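**Q** Structure file upload-v8.txt (compact mmCIF, C-alpha atoms) right here:
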# COMPACT_ATOMS: atom_id res chain seq x y z
CA MET A 241 44.56 -262.74 48.10
CA GLY A 242 46.04 -259.76 46.24
CA ILE A 243 46.03 -256.09 47.11
CA THR A 244 42.89 -254.10 46.32
CA GLU A 245 42.36 -250.64 44.90
CA ALA A 246 40.78 -249.55 48.19
CA GLU A 247 44.01 -250.44 49.99
CA VAL A 248 46.02 -248.48 47.44
CA VAL A 249 43.81 -245.41 47.86
CA GLU A 250 44.07 -245.53 51.66
CA ALA A 251 47.86 -245.85 51.44
CA LEU A 252 48.02 -242.87 49.08
CA ARG A 253 45.71 -240.64 51.09
CA PRO A 254 48.53 -239.36 53.38
CA VAL A 255 50.78 -238.65 50.37
CA GLN A 256 50.87 -234.91 49.76
CA ASP A 257 51.63 -232.96 46.63
CA PRO A 258 54.98 -231.30 47.51
CA GLU A 259 53.85 -227.87 46.30
CA LEU A 260 50.22 -227.75 47.41
CA HIS A 261 50.66 -229.66 50.69
CA ARG A 262 47.40 -231.53 50.21
CA SER A 263 46.63 -235.22 49.74
CA ILE A 264 47.00 -236.30 46.12
CA VAL A 265 43.77 -238.23 46.59
CA ASP A 266 41.85 -235.20 47.88
CA LEU A 267 43.27 -233.06 45.08
CA GLY A 268 41.97 -235.46 42.44
CA MET A 269 45.47 -236.31 41.22
CA TYR A 270 44.94 -240.05 41.74
CA ARG A 271 43.27 -241.46 38.61
CA GLY A 272 43.36 -245.23 39.06
CA VAL A 273 45.56 -248.27 39.47
CA ALA A 274 46.42 -251.42 37.50
CA PHE A 275 47.81 -254.65 38.92
CA ASP A 276 50.14 -257.16 37.30
CA GLY A 277 50.97 -259.72 39.95
CA GLY A 278 53.00 -257.86 42.57
CA ARG A 279 53.56 -254.91 40.25
CA VAL A 280 51.36 -251.84 40.82
CA GLU A 281 50.96 -249.09 38.23
CA VAL A 282 49.37 -245.89 39.54
CA ARG A 283 47.94 -243.26 37.24
CA ILE A 284 48.60 -239.71 38.50
CA ALA A 285 47.40 -236.46 36.94
CA LEU A 286 49.97 -233.69 37.34
CA THR A 287 48.69 -230.15 37.79
CA ILE A 288 50.75 -228.88 34.85
CA ALA A 289 52.85 -230.36 32.09
CA GLY A 290 56.52 -230.41 33.01
CA CYS A 291 55.81 -230.34 36.76
CA PRO A 292 59.19 -229.56 38.37
CA LEU A 293 58.54 -231.91 41.31
CA ARG A 294 57.39 -234.91 39.30
CA SER A 295 60.23 -237.09 40.60
CA GLU A 296 59.37 -236.14 44.18
CA ILE A 297 55.75 -237.24 43.64
CA GLN A 298 56.99 -240.52 42.16
CA GLN A 299 59.21 -241.13 45.18
CA ARG A 300 56.43 -240.36 47.67
CA VAL A 301 53.96 -242.68 45.95
CA SER A 302 56.52 -245.49 45.79
CA ASP A 303 57.43 -245.06 49.45
CA ALA A 304 53.76 -245.28 50.41
CA LEU A 305 52.95 -248.42 48.39
CA LEU A 306 56.07 -250.60 48.57
CA PRO A 307 55.55 -251.53 52.26
CA LEU A 308 52.13 -253.03 51.46
CA ASP A 309 51.88 -256.83 51.49
CA GLY A 310 51.94 -258.24 48.00
CA VAL A 311 53.56 -255.19 46.34
CA SER A 312 56.92 -255.92 44.73
CA ALA A 313 57.26 -252.92 42.40
CA VAL A 314 55.59 -249.56 41.80
CA SER A 315 55.45 -247.56 38.59
CA LEU A 316 53.62 -244.35 37.75
CA ASP A 317 51.74 -243.43 34.62
CA PHE A 318 51.57 -239.63 34.46
CA THR A 319 48.91 -237.59 32.75
CA VAL A 320 48.08 -233.87 33.03
CA MET A 321 44.96 -232.12 34.32
CA SER A 322 42.72 -230.43 31.81
CA ASP A 323 42.08 -226.69 31.87
CA GLN A 324 38.69 -227.31 33.45
CA GLU A 325 40.21 -229.53 36.13
CA ARG A 326 42.83 -226.88 36.91
CA ALA A 327 40.09 -224.26 37.23
CA GLU A 328 38.20 -226.51 39.63
CA LEU A 329 41.38 -227.17 41.61
CA ARG A 330 42.05 -223.46 41.88
CA ALA A 331 38.51 -222.87 43.16
CA GLN A 332 38.96 -225.69 45.68
CA LEU A 333 42.22 -224.28 47.05
CA HIS A 334 41.87 -220.56 46.57
CA GLY A 335 38.14 -220.13 46.87
CA ASP A 336 35.68 -218.29 44.69
CA PRO A 337 36.86 -214.66 44.28
CA ALA A 338 33.30 -213.43 44.08
CA ALA A 339 32.48 -215.12 47.38
CA THR A 340 35.36 -213.45 49.21
CA ALA A 341 34.88 -209.93 47.88
CA GLY A 342 34.00 -207.52 50.63
CA THR A 343 35.30 -209.73 53.47
CA ALA A 344 38.35 -207.55 54.11
CA PRO A 345 39.20 -203.87 53.85
CA SER A 346 41.64 -204.42 50.98
CA HIS A 347 40.98 -206.34 47.79
CA GLY A 348 43.07 -208.09 45.22
CA HIS A 349 43.26 -208.12 41.46
CA ALA A 350 40.46 -207.65 38.97
CA GLU A 351 38.54 -210.68 40.21
CA GLY A 352 37.97 -208.91 43.53
CA ARG A 353 39.73 -211.45 45.76
CA ALA A 354 40.21 -210.27 49.33
CA ILE A 355 43.69 -210.13 50.83
CA PRO A 356 43.59 -213.05 53.26
CA PHE A 357 46.08 -211.58 55.72
CA ALA A 358 43.83 -208.55 56.28
CA ALA A 359 40.70 -210.61 56.95
CA PRO A 360 39.31 -210.66 60.51
CA GLY A 361 40.23 -213.88 62.22
CA ASN A 362 43.22 -214.65 59.99
CA ASN A 363 45.91 -216.16 62.21
CA THR A 364 48.97 -215.37 60.10
CA ARG A 365 51.40 -213.01 61.81
CA THR A 366 52.80 -210.51 59.31
CA LEU A 367 56.27 -209.18 60.06
CA LEU A 368 57.43 -206.15 58.06
CA ILE A 369 61.24 -206.14 57.97
CA ALA A 370 62.22 -202.54 57.33
CA SER A 371 65.14 -200.14 57.31
CA GLY A 372 65.57 -196.49 56.55
CA LYS A 373 68.49 -197.01 54.18
CA GLY A 374 69.93 -199.66 51.93
CA GLY A 375 73.01 -201.72 52.63
CA VAL A 376 72.20 -202.69 56.21
CA GLY A 377 71.60 -206.38 55.41
CA LYS A 378 67.83 -206.30 55.77
CA SER A 379 67.25 -209.02 53.18
CA SER A 380 69.75 -211.42 54.72
CA VAL A 381 68.06 -210.83 58.08
CA THR A 382 64.67 -211.59 56.50
CA ALA A 383 65.87 -214.79 54.83
CA ASN A 384 67.64 -216.20 57.86
CA LEU A 385 64.95 -215.17 60.35
CA GLY A 386 62.38 -216.91 58.12
CA ILE A 387 64.46 -220.11 58.13
CA ALA A 388 64.89 -219.84 61.91
CA LEU A 389 61.10 -219.64 62.37
CA ALA A 390 60.64 -222.62 60.03
CA ALA A 391 63.20 -224.57 62.07
CA GLN A 392 60.93 -224.09 65.09
CA GLY A 393 58.18 -225.95 63.27
CA ARG A 394 56.31 -222.95 61.86
CA SER A 395 55.06 -222.53 58.30
CA VAL A 396 56.72 -219.45 56.84
CA ALA A 397 56.24 -217.34 53.73
CA VAL A 398 58.30 -214.41 52.48
CA VAL A 399 57.23 -211.60 50.15
CA ASP A 400 60.19 -209.83 48.58
CA ALA A 401 58.62 -206.38 48.34
CA ASP A 402 61.88 -204.71 47.31
CA VAL A 403 60.89 -204.65 43.66
CA TRP A 404 63.97 -202.64 42.66
CA GLY A 405 66.60 -204.53 44.68
CA PHE A 406 65.01 -208.00 44.79
CA SER A 407 67.40 -210.53 46.30
CA ILE A 408 65.39 -212.99 48.42
CA PRO A 409 65.29 -215.85 45.84
CA ARG A 410 69.06 -215.72 45.42
CA MET A 411 69.71 -215.52 49.15
CA LEU A 412 67.41 -218.45 49.92
CA GLY A 413 68.89 -220.52 47.10
CA VAL A 414 65.63 -220.92 45.16
CA ASP A 415 66.39 -222.86 41.99
CA ARG A 416 63.01 -222.91 40.23
CA ALA A 417 60.27 -220.51 39.23
CA PRO A 418 56.76 -220.47 40.68
CA VAL A 419 54.20 -222.82 39.17
CA VAL A 420 51.02 -221.25 37.75
CA ILE A 421 47.76 -223.21 37.94
CA ASP A 422 44.92 -221.39 36.20
CA ASP A 423 46.39 -217.98 37.19
CA MET A 424 46.98 -219.15 40.79
CA ILE A 425 50.68 -218.81 41.59
CA ILE A 426 52.28 -221.56 43.69
CA PRO A 427 55.41 -220.13 45.33
CA PRO A 428 58.57 -222.25 45.41
CA GLU A 429 59.70 -223.50 48.80
CA VAL A 430 63.20 -224.04 50.15
CA HIS A 431 64.43 -224.62 53.71
CA GLY A 432 60.79 -224.62 54.83
CA VAL A 433 60.20 -221.10 53.47
CA ARG A 434 57.89 -220.21 50.55
CA CYS A 435 58.64 -216.99 48.70
CA ILE A 436 57.52 -214.70 45.92
CA SER A 437 59.60 -211.94 44.38
CA MET A 438 59.87 -209.64 41.40
CA GLY A 439 63.05 -211.62 40.78
CA PHE A 440 60.90 -214.40 39.29
CA PHE A 441 59.42 -212.02 36.72
CA ALA A 442 62.39 -209.84 35.75
CA GLN A 443 65.90 -210.62 34.59
CA GLU A 444 68.71 -210.17 37.12
CA ASP A 445 70.10 -207.20 35.15
CA GLN A 446 66.71 -205.77 34.14
CA PRO A 447 65.75 -202.53 35.91
CA VAL A 448 62.17 -202.24 37.17
CA ILE A 449 61.09 -198.74 36.15
CA TRP A 450 57.62 -198.43 37.60
CA ARG A 451 55.56 -195.66 39.08
CA GLY A 452 53.52 -195.96 42.28
CA PRO A 453 50.28 -197.44 40.83
CA MET A 454 52.14 -200.31 39.12
CA LEU A 455 54.08 -201.08 42.30
CA HIS A 456 50.83 -201.03 44.26
CA LYS A 457 49.25 -203.47 41.81
CA ALA A 458 52.20 -205.86 41.83
CA LEU A 459 52.25 -206.06 45.62
CA GLU A 460 48.50 -206.56 45.67
CA GLN A 461 48.83 -209.54 43.37
CA PHE A 462 51.67 -210.99 45.45
CA LEU A 463 49.23 -211.06 48.36
CA THR A 464 46.13 -212.27 46.52
CA ASP A 465 47.08 -214.34 43.47
CA VAL A 466 49.67 -216.45 45.31
CA PHE A 467 48.44 -219.57 47.11
CA TRP A 468 50.02 -218.98 50.51
CA ASP A 469 47.93 -221.61 52.34
CA ASP A 470 47.58 -219.72 55.64
CA PRO A 471 51.19 -219.69 56.90
CA ASP A 472 51.98 -219.05 60.56
CA TYR A 473 54.27 -216.18 59.54
CA LEU A 474 54.43 -213.88 56.53
CA LEU A 475 57.70 -211.95 56.43
CA VAL A 476 57.78 -208.95 54.09
CA ASP A 477 61.19 -207.68 52.99
CA LEU A 478 60.51 -203.98 52.44
CA PRO A 479 62.62 -201.70 50.25
CA PRO A 480 64.65 -199.01 51.98
CA GLY A 481 62.96 -195.75 52.89
CA THR A 482 59.38 -194.67 53.41
CA GLY A 483 57.97 -194.54 49.89
CA ASP A 484 55.00 -195.91 47.98
CA ILE A 485 55.58 -199.59 48.74
CA SER A 486 55.72 -199.13 52.51
CA LEU A 487 52.58 -197.02 52.41
CA SER A 488 50.73 -199.53 50.21
CA LEU A 489 51.61 -202.43 52.47
CA SER A 490 50.44 -200.54 55.54
CA GLN A 491 47.05 -200.28 53.81
CA PHE A 492 47.02 -203.92 52.68
CA LEU A 493 48.20 -205.33 56.02
CA PRO A 494 46.82 -203.16 58.83
CA ARG A 495 47.57 -205.80 61.49
CA ALA A 496 51.23 -206.15 60.58
CA GLU A 497 54.14 -205.77 63.01
CA ALA A 498 57.27 -203.85 62.04
CA TYR A 499 60.86 -204.86 62.83
CA VAL A 500 63.45 -202.19 62.09
CA VAL A 501 66.95 -203.23 60.98
CA THR A 502 69.91 -200.93 61.50
CA THR A 503 73.68 -201.09 61.73
CA PRO A 504 75.57 -199.87 64.82
CA ASN A 505 76.75 -196.55 63.40
CA PRO A 506 74.80 -193.42 64.40
CA ALA A 507 74.14 -192.28 60.80
CA ALA A 508 72.32 -195.53 59.95
CA GLN A 509 70.47 -195.46 63.25
CA ARG A 510 69.09 -191.99 62.61
CA VAL A 511 67.89 -192.93 59.12
CA ALA A 512 66.27 -196.14 60.42
CA GLN A 513 64.46 -193.99 62.98
CA ARG A 514 62.57 -192.24 60.17
CA SER A 515 61.26 -195.60 58.97
CA ALA A 516 59.99 -196.36 62.46
CA PHE A 517 58.27 -192.98 62.71
CA MET A 518 56.56 -193.65 59.37
CA PHE A 519 54.99 -196.81 60.83
CA ALA A 520 53.69 -194.81 63.77
CA LYS A 521 51.93 -192.44 61.38
CA VAL A 522 50.13 -195.30 59.61
CA ASN A 523 49.24 -197.10 62.84
CA ILE A 524 51.62 -200.05 62.40
CA THR A 525 53.21 -201.22 65.65
CA VAL A 526 57.02 -201.30 65.75
CA ARG A 527 57.77 -204.41 67.79
CA ALA A 528 61.56 -204.48 67.97
CA VAL A 529 64.92 -203.40 66.60
CA ILE A 530 67.49 -205.71 65.01
CA GLU A 531 71.11 -204.62 64.74
CA ASN A 532 73.11 -206.13 61.89
CA MET A 533 76.91 -206.14 61.35
CA SER A 534 77.35 -205.54 65.07
CA TRP A 535 80.93 -206.78 65.26
CA PHE A 536 83.52 -208.97 63.60
CA THR A 537 85.20 -211.70 65.62
CA GLY A 538 88.86 -212.04 64.64
CA ASP A 539 91.12 -215.06 64.75
CA ASP A 540 92.19 -213.84 68.18
CA ASP A 541 88.58 -214.25 69.40
CA LYS A 542 88.32 -210.51 70.00
CA ARG A 543 85.31 -208.56 68.80
CA TYR A 544 86.05 -205.67 66.47
CA HIS A 545 83.27 -203.09 66.10
CA LEU A 546 83.98 -202.12 62.49
CA PHE A 547 80.86 -199.94 62.20
CA GLY A 548 80.92 -198.46 65.65
CA SER A 549 78.63 -199.55 68.44
CA GLY A 550 75.46 -198.60 70.24
CA GLY A 551 73.26 -197.65 67.27
CA GLY A 552 70.78 -200.48 67.74
CA ALA A 553 70.45 -199.95 71.49
CA GLU A 554 70.00 -196.20 71.03
CA LEU A 555 67.30 -196.71 68.40
CA ALA A 556 65.49 -199.20 70.63
CA ARG A 557 65.54 -196.72 73.51
CA THR A 558 64.20 -193.96 71.29
CA LEU A 559 61.35 -196.15 70.07
CA GLY A 560 60.62 -197.70 73.45
CA VAL A 561 61.08 -201.27 72.19
CA GLU A 562 63.57 -204.08 72.67
CA LEU A 563 66.79 -204.70 70.77
CA ILE A 564 66.18 -208.41 70.10
CA GLY A 565 69.33 -209.32 68.26
CA GLN A 566 72.82 -208.21 67.34
CA VAL A 567 73.93 -210.13 64.27
CA PRO A 568 77.71 -210.40 63.88
CA LEU A 569 79.47 -209.70 60.61
CA THR A 570 80.88 -213.04 59.46
CA VAL A 571 82.33 -214.26 56.20
CA PRO A 572 80.09 -217.40 56.06
CA LEU A 573 76.98 -215.23 56.56
CA ARG A 574 78.00 -212.92 53.71
CA GLU A 575 79.12 -215.76 51.41
CA GLY A 576 75.98 -217.76 52.14
CA SER A 577 73.77 -214.84 51.14
CA ASP A 578 75.69 -214.39 47.89
CA GLN A 579 75.76 -218.09 47.01
CA GLY A 580 72.24 -219.11 47.98
CA ARG A 581 73.40 -221.09 51.00
CA PRO A 582 71.87 -219.18 53.93
CA ILE A 583 73.87 -219.59 57.12
CA MET A 584 70.81 -220.57 59.16
CA ALA A 585 70.24 -223.57 56.85
CA VAL A 586 73.80 -224.76 56.25
CA ASP A 587 75.32 -224.09 59.69
CA PRO A 588 72.60 -223.63 62.34
CA ASP A 589 75.19 -223.69 65.14
CA SER A 590 77.30 -220.82 63.82
CA GLU A 591 77.82 -217.56 65.67
CA ALA A 592 75.31 -215.73 63.47
CA SER A 593 72.77 -218.58 63.38
CA THR A 594 72.44 -218.68 67.15
CA VAL A 595 71.40 -215.02 67.04
CA PHE A 596 68.73 -215.69 64.39
CA ALA A 597 67.44 -218.65 66.40
CA ALA A 598 67.20 -216.48 69.52
CA MET A 599 65.33 -213.78 67.59
CA ALA A 600 62.89 -216.38 66.27
CA SER A 601 62.27 -217.53 69.84
CA TRP A 602 61.62 -213.93 70.89
CA VAL A 603 59.12 -213.44 68.07
CA GLU A 604 57.38 -216.68 69.03
CA ALA A 605 57.15 -215.59 72.66
CA HIS A 606 55.85 -212.09 71.91
CA GLY A 607 52.56 -212.40 70.10
CA PRO A 608 50.67 -209.58 68.39
CA THR A 609 49.05 -206.84 70.41
CA LYS A 610 46.28 -206.23 67.84
CA ARG A 611 43.61 -208.93 67.85
CA THR A 612 40.43 -209.27 65.85
CA HIS A 613 37.29 -211.08 66.92
CA PRO A 614 35.16 -211.85 63.86
CA GLU A 615 32.59 -213.59 66.05
CA LEU A 616 31.67 -210.23 67.61
CA LYS A 617 29.31 -208.30 65.40
CA ILE A 618 27.47 -204.99 65.78
CA VAL A 619 24.00 -205.16 64.29
Turn the structure described in the file into structure tokens.
**A**
Amino acid sequence: MGITEAEVVEALRPVQDPELHRSIVDLGMYRGVAFDGGRVEVRIALTIAGCPLRSEIQQRVSDALLPLDGVSAVSLDFTVMSDQERAELRAQLHGDPAATAGTAPSHGHAEGRAIPFAAPGNNTRTLLIASGKGGVGKSSVTANLGIALAAQGRSVAVVDADVWGFSIPRMLGVDRAPVVIDDMIIPPEVHGVRCISMGFFAQEDQPVIWRGPMLHKALEQFLTDVFWDDPDYLLVDLPPGTGDISLSLSQFLPRAEAYVVTTPNPAAQRVAQRSAFMFAKVNITVRAVIENMSWFTGDDDKRYHLFGSGGGAELARTLGVELIGQVPLTVPLREGSDQGRPIMAVDPDSEASTVFAAMASWVEAHGPTKRTHPELKIV
């Protein structure tokens, strides 16, 4: 007795689309099967033409069907969803914008979609990675801390909110652009981290010359038009300083936690302090301080404090929070950030990686202090 279509469907049900992380059966991508002896040909509808992960889908389907009795070979016949099917898929995944309007204090683009991370009961922890000045390595901290959290089994997303100095895609080693399904943006994922950045929409050498309202709108769409799929953590790489973007995000994400990055020298510490005081004014809790470029370990195994010492500890004392990590200055960390090979992914046992792993453990162990209870209502 040969294999049946019902057996094929059940075998394919656990197979997930690599971008949407949902069963290809539940997503309506499975369109039928044909049998020719032991050869099975499966018809799959891709979400878009030229799907960048087509080969990955083919591999996953083959791996699921080849172990079945009676199957000797698997081939795929690809088609593409229609515009109507993509619209229905977007509604299935992202919800009806009209139905979500008014469910949160901040709202998204012209359709009126609510920002999910601001909604009562949303379980995503939002970490704002901030600094008072540029050049302290805030983006490399964001990228590697995100990978460290993913390595602990958490789903992680990163918003590169530094629209002028965007660098997260390069640091993570992202090699493809986001996929757009009926205006719903699917962020690329690498090392277990999904990300969105102005870097996907502007050339590397193209300056972003925008005033406050345009910046506000772009960030709003990063939070609403992207299918984030309820990650455990949303890390936001803020631009230096205390300008429009930081203020907008404090409005969009009122339950966020701030982590202030500084270098050891007193001048950087004092500037980073202003960033922390800004969060206090907008009622965002500063959870901890991270010191970057703390020392360089020479070939003689001695630590050289090239940028001085004590800045991170002094800032933590001033703010009344913990200094949760001192990241050493290492050549592999710097080269990895430049080459898209983040140290936490390529060498998790390195001197710097152990610090990122310890910081991720601290974040995991210290949950948010602000909690919402949507089940409690005042009538």
**Q** I'd like the contact shell of Phe492 (chain A) - 7 Å cut-off, only C-alpha atoms, skipping same-chain residues fewer than 2 positions apart - returned as an mmCIF file with C-alpha atoms, in the frame of the given file.
**A**
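And here's around-v3.cif as it stands now:
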data_model
loop_
_atom_site.group_PDB
_atom_site.id
_atom_site.type_symbol
_atom_site.label_atom_id
_atom_site.label_comp_id
_atom_site.auth_asym_id
_atom_site.auth_seq_id
_atom_site.Cartn_x
_atom_site.Cartn_y
_atom_site.Cartn_z
ATOM 1 C CA SER A 346 41.640 -204.420 50.980
ATOM 2 C CA ALA A 358 43.830 -208.550 56.280
ATOM 3 C CA SER A 488 50.730 -199.530 50.210
ATOM 4 C CA LEU A 489 51.610 -202.430 52.470
ATOM 5 C CA SER A 490 50.440 -200.540 55.540
ATOM 6 C CA PRO A 494 46.820 -203.160 58.830
#
**Q** Is it possible to get the residues within 12 Å of (61.7, -217.6, 69.2) (coordinates as in the file, counting only C-alpha atoms) written as a list of chain:residue names?
**A**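 Residues satisfying the cut-off, written out: A:Leu385, A:Gly386, A:Ile387, A:Ala388, A:Leu389, A:Ala390, A:Ala391, A:Gln392, A:Gly393, A:Arg394, A:Ile564, A:Gly565, A:Thr594, A:Val595, A:Phe596, A:Ala597, A:Ala598, A:Met599, A:Ala600, A:Ser601, A:Trp602, A:Val603, A:Glu604, A:Ala605, A:His606, A:Gly607.
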**Q** Using only C-alpha atoms, which residues sit within 6 Å of region 474-479 of chain A once same-chain residues fewer than 5 positions away are excluded, as a PyMOL selection string?
**A** chain A and resi 366-370+397-402
**Q** What does the distance from CA of Pro506 (chain A) to CA of Gly548 (chain A) come to in Å, to one decimal?
**A**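 Taking CA of Pro506 (chain A) as the start and CA of Gly548 (chain A) as the end point, the length is 8.0 Å.
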**Q** Excluding same-chain residues fewer than 2 positions from Gly377 (chain A), what lies within 8 Å of it counting all atoms listed in the file, as a compact mmCIF listing (two decimals) with C-alpha atoms, in the frame of the given file?
**A**
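Dumped everything to part.txt:
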# COMPACT_ATOMS: atom_id res chain seq x y z
CA GLY A 374 69.93 -199.66 51.93
CA GLY A 375 73.01 -201.72 52.63
CA SER A 379 67.25 -209.02 53.18
CA SER A 380 69.75 -211.42 54.72
CA VAL A 381 68.06 -210.83 58.08
CA VAL A 501 66.95 -203.23 60.98
CA ASN A 532 73.11 -206.13 61.89
CA MET A 533 76.91 -206.14 61.35
**Q** Neighbours of region 419-422 of chain A within 6 Å (all atoms listed in the file; same-chain residues fewer than 2 positions away dropped), as number ranges by chain?
**A** A: 326-327, 424-426
**Q** Neighbouring residues of region 581-591 of chain A were defined as those with any atom within 10 Å, considering all atoms listed in the file; residues of the same chain fewer than 2 positions away were excluded. Please report them as a ChimeraX atom specification.
**A** /A:380,383-388,391,410-414,430-432,537,567-570,572-579,593-597
